[in-house]
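Here's input.pdb, which has PDB, C-alpha atoms and all ligand atoms:
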```pdb
ATOM      1  CA  MET N   1      61.085 -11.720   8.236
ATOM      2  CA  ALA N   2      57.724 -12.071   6.456
ATOM      3  CA  ALA N   3      56.332  -8.836   5.140
ATOM      4  CA  VAL N   4      53.361  -7.584   7.110
ATOM      5  CA  PRO N   5      50.612  -6.238   4.898
ATOM      6  CA  VAL N   6      50.009  -2.602   5.615
ATOM      7  CA  ILE N   7      46.587  -1.082   5.072
ATOM      8  CA  HIS N   8      47.138   2.396   3.781
ATOM      9  CA  PRO N   9      44.767   4.883   5.464
ATOM     10  CA  ASP N  10      43.408   5.893   2.047
ATOM     11  CA  ASN N  11      42.170   2.329   1.521
ATOM     12  CA  GLN N  12      40.248   2.166   4.745
ATOM     13  CA  ARG N  13      36.545   2.668   4.481
ATOM     14  CA  THR N  14      35.778   5.966   6.163
ATOM     15  CA  GLN N  15      32.013   5.773   5.671
ATOM     16  CA  PRO N  16      30.585   2.468   6.937
ATOM     17  CA  MET N  17      27.588   1.369   4.846
ATOM     18  CA  THR N  18      24.392   1.957   6.768
ATOM     19  CA  VAL N  19      22.105  -0.882   7.696
ATOM     20  CA  GLU N  20      18.786  -0.332   5.948
ATOM     21  CA  ARG N  21      15.366  -1.893   6.201
ATOM     22  CA  THR N  22      13.040  -2.738   3.371
ATOM     23  CA  LEU N  23       9.621  -4.342   3.183
ATOM     24  CA  ALA N  24       9.220  -7.503   1.149
ATOM     25  CA  ILE N  25       5.746  -8.876   0.491
ATOM     26  CA  LEU N  26       5.337 -12.414  -0.768
ATOM     27  CA  LYS N  27       2.226 -11.775  -2.847
ATOM     28  CA  PRO N  28      -0.895 -13.972  -3.160
ATOM     29  CA  ASP N  29       0.512 -15.733  -6.266
ATOM     30  CA  CYS N  30       3.654 -16.658  -4.299
ATOM     31  CA  VAL N  31       1.488 -18.176  -1.556
ATOM     32  CA  ARG N  32      -0.795 -19.981  -4.067
ATOM     33  CA  LYS N  33       2.205 -21.476  -5.867
ATOM     34  CA  ASN N  34       3.659 -22.827  -2.596
ATOM     35  CA  LEU N  35       6.778 -20.710  -3.074
ATOM     36  CA  ILE N  36       6.979 -19.114   0.386
ATOM     37  CA  GLY N  37       9.832 -21.375   1.494
ATOM     38  CA  GLU N  38      11.832 -21.071  -1.725
ATOM     39  CA  VAL N  39      11.573 -17.275  -1.848
ATOM     40  CA  ILE N  40      12.544 -16.888   1.828
ATOM     41  CA  ARG N  41      15.462 -19.271   1.237
ATOM     42  CA  ARG N  42      16.746 -17.034  -1.577
ATOM     43  CA  ILE N  43      16.267 -13.895   0.514
ATOM     44  CA  GLN N  44      18.232 -15.359   3.439
ATOM     45  CA  GLU N  45      20.912 -16.805   1.187
ATOM     46  CA  ALA N  46      21.446 -13.285  -0.158
ATOM     47  CA  GLY N  47      22.303 -12.109   3.371
ATOM     48  CA  PHE N  48      19.075 -10.431   4.469
ATOM     49  CA  ARG N  49      18.025 -10.780   8.104
ATOM     50  CA  ILE N  50      14.329 -11.152   8.955
ATOM     51  CA  CYS N  51      13.120  -8.592  11.515
ATOM     52  CA  ALA N  52       9.351  -9.223  11.303
ATOM     53  CA  LEU N  53       7.161 -11.671   9.383
ATOM     54  CA  LYS N  54       3.516 -12.732   9.283
ATOM     55  CA  MET N  55       0.767 -13.998   7.017
ATOM     56  CA  VAL N  56      -2.195 -11.706   6.428
ATOM     57  CA  LYS N  57      -5.138 -11.440   4.051
ATOM     58  CA  LEU N  58      -5.579  -7.813   3.066
ATOM     59  CA  SER N  59      -9.051  -6.388   2.596
ATOM     60  CA  ARG N  60      -9.628  -4.407  -0.590
ATOM     61  CA  GLN N  61      -9.472  -1.211   1.466
ATOM     62  CA  GLU N  62      -6.164  -2.226   3.097
ATOM     63  CA  ALA N  63      -4.647  -3.023  -0.323
ATOM     64  CA  GLU N  64      -5.789   0.385  -1.582
ATOM     65  CA  GLY N  65      -4.126   2.040   1.409
ATOM     66  CA  LEU N  66      -0.882   0.160   0.926
ATOM     67  CA  TYR N  67      -0.672   1.125  -2.731
ATOM     68  CA  ALA N  68      -2.217   4.603  -2.387
ATOM     69  CA  VAL N  69       0.778   6.079  -4.214
ATOM     70  CA  HIS N  70      -0.430   4.246  -7.378
ATOM     71  CA  GLN N  71      -4.027   5.454  -7.023
ATOM     72  CA  SER N  72      -4.088   7.315 -10.331
ATOM     73  CA  ARG N  73      -2.432   4.531 -12.337
ATOM     74  CA  PRO N  74      -4.511   2.511 -14.809
ATOM     75  CA  PHE N  75      -3.463  -0.738 -13.112
ATOM     76  CA  PHE N  76      -4.594   0.342  -9.613
ATOM     77  CA  GLU N  77      -7.834  -1.664  -9.657
ATOM     78  CA  GLU N  78      -6.123  -4.783 -11.002
ATOM     79  CA  LEU N  79      -3.331  -4.409  -8.429
ATOM     80  CA  THR N  80      -5.583  -3.969  -5.406
ATOM     81  CA  THR N  81      -7.972  -6.743  -6.524
ATOM     82  CA  PHE N  82      -5.018  -9.093  -6.863
ATOM     83  CA  MET N  83      -3.367  -8.063  -3.578
ATOM     84  CA  SER N  84      -6.625  -8.719  -1.704
ATOM     85  CA  SER N  85      -7.332 -12.013  -3.500
ATOM     86  CA  GLY N  86      -5.594 -14.255  -0.960
ATOM     87  CA  PRO N  87      -3.087 -14.305   1.868
ATOM     88  CA  CYS N  88       0.272 -12.608   1.509
ATOM     89  CA  VAL N  89       3.414 -12.600   3.672
ATOM     90  CA  PRO N  90       4.915  -9.209   4.578
ATOM     91  CA  ILE N  91       8.499  -9.435   5.824
ATOM     92  CA  VAL N  92      10.702  -6.652   7.186
ATOM     93  CA  LEU N  93      14.268  -7.234   6.026
ATOM     94  CA  GLU N  94      17.493  -5.708   7.249
ATOM     95  CA  LYS N  95      20.897  -5.539   5.615
ATOM     96  CA  GLU N  96      23.440  -3.005   4.474
ATOM     97  CA  ASN N  97      22.087  -1.461   1.271
ATOM     98  CA  ALA N  98      18.870  -3.479   1.710
ATOM     99  CA  VAL N  99      16.623  -1.502  -0.647
ATOM    100  CA  ALA N 100      18.848  -1.729  -3.727
ATOM    101  CA  ASP N 101      20.137  -5.245  -3.006
ATOM    102  CA  TYR N 102      16.626  -6.609  -2.550
ATOM    103  CA  ARG N 103      15.469  -5.010  -5.795
ATOM    104  CA  THR N 104      18.419  -6.650  -7.550
ATOM    105  CA  LEU N 105      17.469 -10.009  -6.034
ATOM    106  CA  ILE N 106      13.828  -9.823  -7.178
ATOM    107  CA  GLY N 107      14.441  -8.322 -10.641
ATOM    108  CA  ALA N 108      12.427  -5.895 -12.768
ATOM    109  CA  THR N 109       8.666  -5.448 -12.247
ATOM    110  CA  ASP N 110       7.978  -7.154 -15.582
ATOM    111  CA  PRO N 111       9.309 -10.725 -15.345
ATOM    112  CA  ALA N 112      10.013 -10.682 -19.090
ATOM    113  CA  GLU N 113      12.529  -7.894 -18.429
ATOM    114  CA  ALA N 114      13.933  -9.306 -15.187
ATOM    115  CA  ALA N 115      17.523 -10.566 -15.186
ATOM    116  CA  GLU N 116      18.208 -14.285 -15.219
ATOM    117  CA  GLY N 117      18.285 -15.897 -11.791
ATOM    118  CA  THR N 118      16.055 -13.268 -10.184
ATOM    119  CA  ILE N 119      12.956 -14.263  -8.236
ATOM    120  CA  ARG N 120      10.540 -12.609 -10.665
ATOM    121  CA  ARG N 121      12.262 -14.025 -13.737
ATOM    122  CA  ASP N 122      12.091 -17.517 -12.296
ATOM    123  CA  PHE N 123       8.575 -17.506 -10.843
ATOM    124  CA  ALA N 124       6.393 -14.557 -11.961
ATOM    125  CA  ASP N 125       3.706 -14.697 -14.655
ATOM    126  CA  SER N 126       3.194 -11.004 -15.401
ATOM    127  CA  LYS N 127       3.766  -7.426 -14.254
ATOM    128  CA  GLY N 128       0.679  -7.667 -12.082
ATOM    129  CA  GLU N 129       1.239 -11.141 -10.669
ATOM    130  CA  ASN N 130       4.923 -10.786  -9.973
ATOM    131  CA  ILE N 131       5.419 -12.866  -6.813
ATOM    132  CA  VAL N 132       7.040 -10.227  -4.593
ATOM    133  CA  HIS N 133       6.893  -6.575  -3.654
ATOM    134  CA  GLY N 134       9.897  -4.490  -2.659
ATOM    135  CA  SER N 135      10.109  -0.938  -1.301
ATOM    136  CA  ASP N 136      11.608   1.643  -3.637
ATOM    137  CA  SER N 137      13.408   3.654  -0.917
ATOM    138  CA  ALA N 138      14.435   3.334   2.733
ATOM    139  CA  GLU N 139      11.824   5.944   3.664
ATOM    140  CA  ASN N 140       9.038   4.026   1.903
ATOM    141  CA  GLY N 141      10.430   0.838   3.438
ATOM    142  CA  ARG N 142       9.794   2.307   6.877
ATOM    143  CA  ILE N 143       6.307   3.563   5.984
ATOM    144  CA  GLU N 144       5.313   0.259   4.343
ATOM    145  CA  SER N 145       6.801  -1.794   7.197
ATOM    146  CA  ASN N 146       4.751   0.194   9.692
ATOM    147  CA  TYR N 147       1.634  -0.487   7.610
ATOM    148  CA  PHE N 148       1.933  -4.110   8.772
ATOM    149  CA  PHE N 149       4.103  -3.955  11.879
ATOM    150  CA  PRO N 150       4.200  -1.307  14.619
ATOM    151  CA  GLU N 151       7.792  -0.269  15.279
ATOM    152  CA  HIS N 152       7.990  -2.101  18.635
ATOM    153  CA  VAL N 153       7.433  -5.556  17.050
ATOM    154  CA  ILE N 154      10.222  -5.084  14.484
ATOM    155  CA  VAL N 155      13.254  -6.849  15.944
ATOM    156  CA  ALA N 156      16.733  -5.534  15.202
ATOM    157  CA  ASN N 157      18.346  -8.775  14.048
ATOM    158  CA  ALA N 158      22.040  -8.004  13.594
TER     159      ALA N 158
HETATM  160  P1  LIG S 201       5.211  -3.789  -6.616
HETATM  161  O1  LIG S 201       6.682  -3.890  -6.368
HETATM  162  O2  LIG S 201       4.299  -4.472  -5.671
HETATM  163  O3  LIG S 201       4.809  -2.238  -6.697
HETATM  164  C1  LIG S 201       3.697  -1.784  -7.437
HETATM  165  C2  LIG S 201       3.076  -2.864  -8.252
HETATM  166  O4  LIG S 201       2.230  -2.441  -9.288
HETATM  167  C3  LIG S 201       4.165  -3.649  -8.977
HETATM  168  O5  LIG S 201       4.916  -4.396  -8.058
HETATM  169  C4  LIG S 201       3.350  -4.436  -9.970
HETATM  170  O6  LIG S 201       2.887  -5.662  -9.461
HETATM  171  C5  LIG S 201       2.183  -3.503 -10.221
HETATM  172  N1  LIG S 201       2.263  -2.965 -11.588
HETATM  173  C6  LIG S 201       3.165  -2.095 -12.053
HETATM  174  N2  LIG S 201       2.919  -1.858 -13.375
HETATM  175  C7  LIG S 201       1.849  -2.601 -13.705
HETATM  176  C8  LIG S 201       1.118  -2.778 -14.904
HETATM  177  N3  LIG S 201       1.450  -2.124 -16.015
HETATM  178  N4  LIG S 201       0.074  -3.626 -14.886
HETATM  179  C9  LIG S 201      -0.288  -4.269 -13.745
HETATM  180  N5  LIG S 201       0.385  -4.134 -12.568
HETATM  181  C10 LIG S 201       1.429  -3.318 -12.561
END
```

As structure tokens - that is how I would like this structure written.
Ligand code: CMP
Amino acid sequence: MAAVPVIHPDNQRTQPMTVERTLAILKPDCVRKNLIGEVIRRIQEAGFRICALKMVKLSRQEAEGLYAVHQSRPFFEELTTFMSSGPCVPIVLEKENAVADYRTLIGATDPAEAAEGTIRRDFADSKGENIVHGSDSAENGRIESNYFFPEHVIVANA
């Protein structure tokens, strides 16, 4: 008789990974370079599900609110000028381990330091104009998502 594989209880995952949400923003340089489709293709190919998506042109004030956490940084003016310079595409993404996996997919803030094959390495020009934004924690993902989308329009997309 063929041996039946036995899963030992110790090998079973006791803690299922939690589904997380993160906010991606396809920045004005991504839109200007006609890369919306290519970047979304890579995001979906990596297993992320889209829960909300739109195109919006931020006012200077809205960009300052979004990036308020960076208010005291020397690059704040450059960042908010750039983020309000043209339309961008905020997207709420869902996946197990979404925050970390999305940051791996996009690469380091500075494209010169980003790993090969990442979105920023392939398409970004500089630290400032770096194609995409990603939340740095699940909590900030929720806050940033709600900056663009009230909770009731975010669709659980399992
Ligand atoms: P993002 O993921 O949108 O979060 C904050 C942004 O600040 C970051 O991507 C960069 O685009 C920007 N940023 C960080 N460091 C610098 C810098 N030294 N000069 C200009 N922009 C920066």

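Considering the residues N:Thr80, N:Asn130, N:Ser85, N:Thr104 and counting all atoms listed in the file, ligand LIG 201 (chain S) has its shortest atom-to-atom contact with N:Asn130.
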
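Take CA of Arg142 (chain N) and CA of Glu45 (chain N): the distance between them is 22.8 Å.
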
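Take the candidates N:Asn34, N:Asn140, N:Thr18, N:Thr109 and check each one against Ala124 (chain N) using all atoms listed in the file; the shortest distance goes to N:Thr109.
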
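With distances restricted to only C-alpha atoms, N:Ala138 is the closest residue to Ala100 (chain N) from N:Leu53, N:Ala138, N:Leu79, N:Val39.
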
(request) Would you please work out which residue, of N:Lys54, N:Lys27, N:Arg49, N:Arg41, is nearest to ligand LIG 201 (chain S) when using all atoms listed in the file? (result) N:Lys27

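Shortest separation to Ala63 (chain N) among N:Arg121, N:Cys88, N:Leu35, N:Gly47 occurs at residue N:Cys88, atoms counted being all atoms listed in the file.
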
Sorted by chain and rising residue number, which residues of chain N lie within 8 Å of ligand LIG 201 (chain S), and what are their closest atom pairs and distances in Å to one decimal, counting all atoms listed in the file, as JSON lines?
```
{"residue": "N:Ile25", "atom": "CA", "partner": "S:LIG201", "partner_atom": "O2", "distance": 7.7}
{"residue": "N:Tyr67", "atom": "CA", "partner": "S:LIG201", "partner_atom": "C1", "distance": 7.0}
{"residue": "N:His70", "atom": "CA", "partner": "S:LIG201", "partner_atom": "C1", "distance": 7.3}
{"residue": "N:Pro74", "atom": "CA", "partner": "S:LIG201", "partner_atom": "N3", "distance": 7.6}
{"residue": "N:Phe75", "atom": "CA", "partner": "S:LIG201", "partner_atom": "C9", "distance": 4.8}
{"residue": "N:Phe76", "atom": "CA", "partner": "S:LIG201", "partner_atom": "N5", "distance": 7.3}
{"residue": "N:Glu78", "atom": "CA", "partner": "S:LIG201", "partner_atom": "C9", "distance": 6.5}
{"residue": "N:Leu79", "atom": "CA", "partner": "S:LIG201", "partner_atom": "N5", "distance": 5.6}
{"residue": "N:Thr109", "atom": "CA", "partner": "S:LIG201", "partner_atom": "O5", "distance": 5.7}
{"residue": "N:Asp110", "atom": "CA", "partner": "S:LIG201", "partner_atom": "N2", "distance": 7.6}
{"residue": "N:Ser126", "atom": "CA", "partner": "S:LIG201", "partner_atom": "C9", "distance": 7.8}
{"residue": "N:Lys127", "atom": "CA", "partner": "S:LIG201", "partner_atom": "N5", "distance": 5.0}
{"residue": "N:Gly128", "atom": "CA", "partner": "S:LIG201", "partner_atom": "N5", "distance": 3.6}
{"residue": "N:Glu129", "atom": "CA", "partner": "S:LIG201", "partner_atom": "O6", "distance": 5.8}
{"residue": "N:Asn130", "atom": "CA", "partner": "S:LIG201", "partner_atom": "O6", "distance": 5.5}
{"residue": "N:Val132", "atom": "CA", "partner": "S:LIG201", "partner_atom": "O2", "distance": 6.5}
{"residue": "N:His133", "atom": "CA", "partner": "S:LIG201", "partner_atom": "O1", "distance": 3.8}
{"residue": "N:Gly134", "atom": "CA", "partner": "S:LIG201", "partner_atom": "O1", "distance": 4.9}
{"residue": "N:Ser135", "atom": "CA", "partner": "S:LIG201", "partner_atom": "O1", "distance": 6.8}
{"residue": "N:Asp136", "atom": "CA", "partner": "S:LIG201", "partner_atom": "O1", "distance": 7.9}
```

Starting from the incomplete input, reconstruct N, CA and C atoms of region 44-71 of chain N and report them as an mmCIF file, keeping the file's coordinate frame.
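Saved result, selection_36.cif, follows:
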```cif
data_model
loop_
_atom_site.group_PDB
_atom_site.id
_atom_site.type_symbol
_atom_site.label_atom_id
_atom_site.label_comp_id
_atom_site.auth_asym_id
_atom_site.auth_seq_id
_atom_site.Cartn_x
_atom_site.Cartn_y
_atom_site.Cartn_z
ATOM 1 N N GLN N 44 17.257 -15.151 2.358
ATOM 2 C CA GLN N 44 18.232 -15.359 3.439
ATOM 3 C C GLN N 44 19.613 -15.690 2.881
ATOM 4 N N GLU N 45 19.622 -16.457 1.796
ATOM 5 C CA GLU N 45 20.912 -16.805 1.187
ATOM 6 C C GLU N 45 21.636 -15.550 0.685
ATOM 7 N N ALA N 46 20.852 -14.537 0.322
ATOM 8 C CA ALA N 46 21.446 -13.285 -0.158
ATOM 9 C C ALA N 46 21.898 -12.392 1.002
ATOM 10 N N GLY N 47 21.737 -12.842 2.231
ATOM 11 C CA GLY N 47 22.303 -12.109 3.371
ATOM 12 C C GLY N 47 21.334 -11.205 4.107
ATOM 13 N N PHE N 48 20.045 -11.268 3.758
ATOM 14 C CA PHE N 48 19.075 -10.431 4.469
ATOM 15 C C PHE N 48 18.686 -11.099 5.790
ATOM 16 N N ARG N 49 18.491 -10.284 6.809
ATOM 17 C CA ARG N 49 18.025 -10.780 8.104
ATOM 18 C C ARG N 49 16.541 -10.423 8.252
ATOM 19 N N ILE N 50 15.769 -11.362 8.780
ATOM 20 C CA ILE N 50 14.329 -11.152 8.955
ATOM 21 C C ILE N 50 14.080 -10.494 10.305
ATOM 22 N N CYS N 51 13.385 -9.355 10.282
ATOM 23 C CA CYS N 51 13.120 -8.592 11.515
ATOM 24 C C CYS N 51 11.658 -8.669 11.932
ATOM 25 N N ALA N 52 10.775 -9.037 11.005
ATOM 26 C CA ALA N 52 9.351 -9.223 11.303
ATOM 27 C C ALA N 52 8.748 -9.986 10.130
ATOM 28 N N LEU N 53 7.754 -10.828 10.437
ATOM 29 C CA LEU N 53 7.161 -11.671 9.383
ATOM 30 C C LEU N 53 5.786 -12.140 9.842
ATOM 31 N N LYS N 54 4.825 -12.146 8.947
ATOM 32 C CA LYS N 54 3.516 -12.732 9.283
ATOM 33 C C LYS N 54 2.758 -13.036 7.994
ATOM 34 N N MET N 55 1.676 -13.802 8.146
ATOM 35 C CA MET N 55 0.767 -13.998 7.017
ATOM 36 C C MET N 55 -0.490 -13.200 7.288
ATOM 37 N N VAL N 56 -1.011 -12.544 6.252
ATOM 38 C CA VAL N 56 -2.195 -11.706 6.428
ATOM 39 C C VAL N 56 -3.001 -11.700 5.128
ATOM 40 N N LYS N 57 -4.324 -11.625 5.259
ATOM 41 C CA LYS N 57 -5.138 -11.440 4.051
ATOM 42 C C LYS N 57 -5.651 -10.013 4.072
ATOM 43 N N LEU N 58 -5.191 -9.219 3.124
ATOM 44 C CA LEU N 58 -5.579 -7.813 3.066
ATOM 45 C C LEU N 58 -7.014 -7.683 2.576
ATOM 46 N N SER N 59 -7.753 -6.751 3.171
ATOM 47 C CA SER N 59 -9.051 -6.388 2.596
ATOM 48 C C SER N 59 -8.760 -5.500 1.386
ATOM 49 N N ARG N 60 -9.782 -5.294 0.571
ATOM 50 C CA ARG N 60 -9.628 -4.407 -0.590
ATOM 51 C C ARG N 60 -9.163 -3.009 -0.136
ATOM 52 N N GLN N 61 -9.783 -2.546 0.939
ATOM 53 C CA GLN N 61 -9.472 -1.211 1.466
ATOM 54 C C GLN N 61 -8.008 -1.138 1.956
ATOM 55 N N GLU N 62 -7.554 -2.205 2.613
ATOM 56 C CA GLU N 62 -6.164 -2.226 3.097
ATOM 57 C C GLU N 62 -5.185 -2.247 1.919
ATOM 58 N N ALA N 63 -5.523 -2.994 0.866
ATOM 59 C CA ALA N 63 -4.647 -3.023 -0.323
ATOM 60 C C ALA N 63 -4.609 -1.639 -0.976
ATOM 61 N N GLU N 64 -5.743 -0.966 -0.996
ATOM 62 C CA GLU N 64 -5.789 0.385 -1.582
ATOM 63 C C GLU N 64 -4.939 1.354 -0.765
ATOM 64 N N GLY N 65 -4.947 1.174 0.550
ATOM 65 C CA GLY N 65 -4.126 2.040 1.409
ATOM 66 C C GLY N 65 -2.648 1.783 1.205
ATOM 67 N N LEU N 66 -2.292 0.518 1.113
ATOM 68 C CA LEU N 66 -0.882 0.160 0.926
ATOM 69 C C LEU N 66 -0.326 0.742 -0.375
ATOM 70 N N TYR N 67 -1.134 0.690 -1.405
ATOM 71 C CA TYR N 67 -0.672 1.125 -2.731
ATOM 72 C C TYR N 67 -1.243 2.494 -3.123
ATOM 73 N N ALA N 68 -1.588 3.308 -2.123
ATOM 74 C CA ALA N 68 -2.217 4.603 -2.387
ATOM 75 C C ALA N 68 -1.405 5.460 -3.366
ATOM 76 N N VAL N 69 -0.091 5.299 -3.331
ATOM 77 C CA VAL N 69 0.778 6.079 -4.214
ATOM 78 C C VAL N 69 0.484 5.783 -5.697
ATOM 79 N N HIS N 70 -0.123 4.634 -5.986
ATOM 80 C CA HIS N 70 -0.430 4.246 -7.378
ATOM 81 C C HIS N 70 -1.898 4.501 -7.749
ATOM 82 N N GLN N 71 -2.584 5.248 -6.884
ATOM 83 C CA GLN N 71 -4.027 5.454 -7.023
ATOM 84 C C GLN N 71 -4.472 5.912 -8.418
#
```
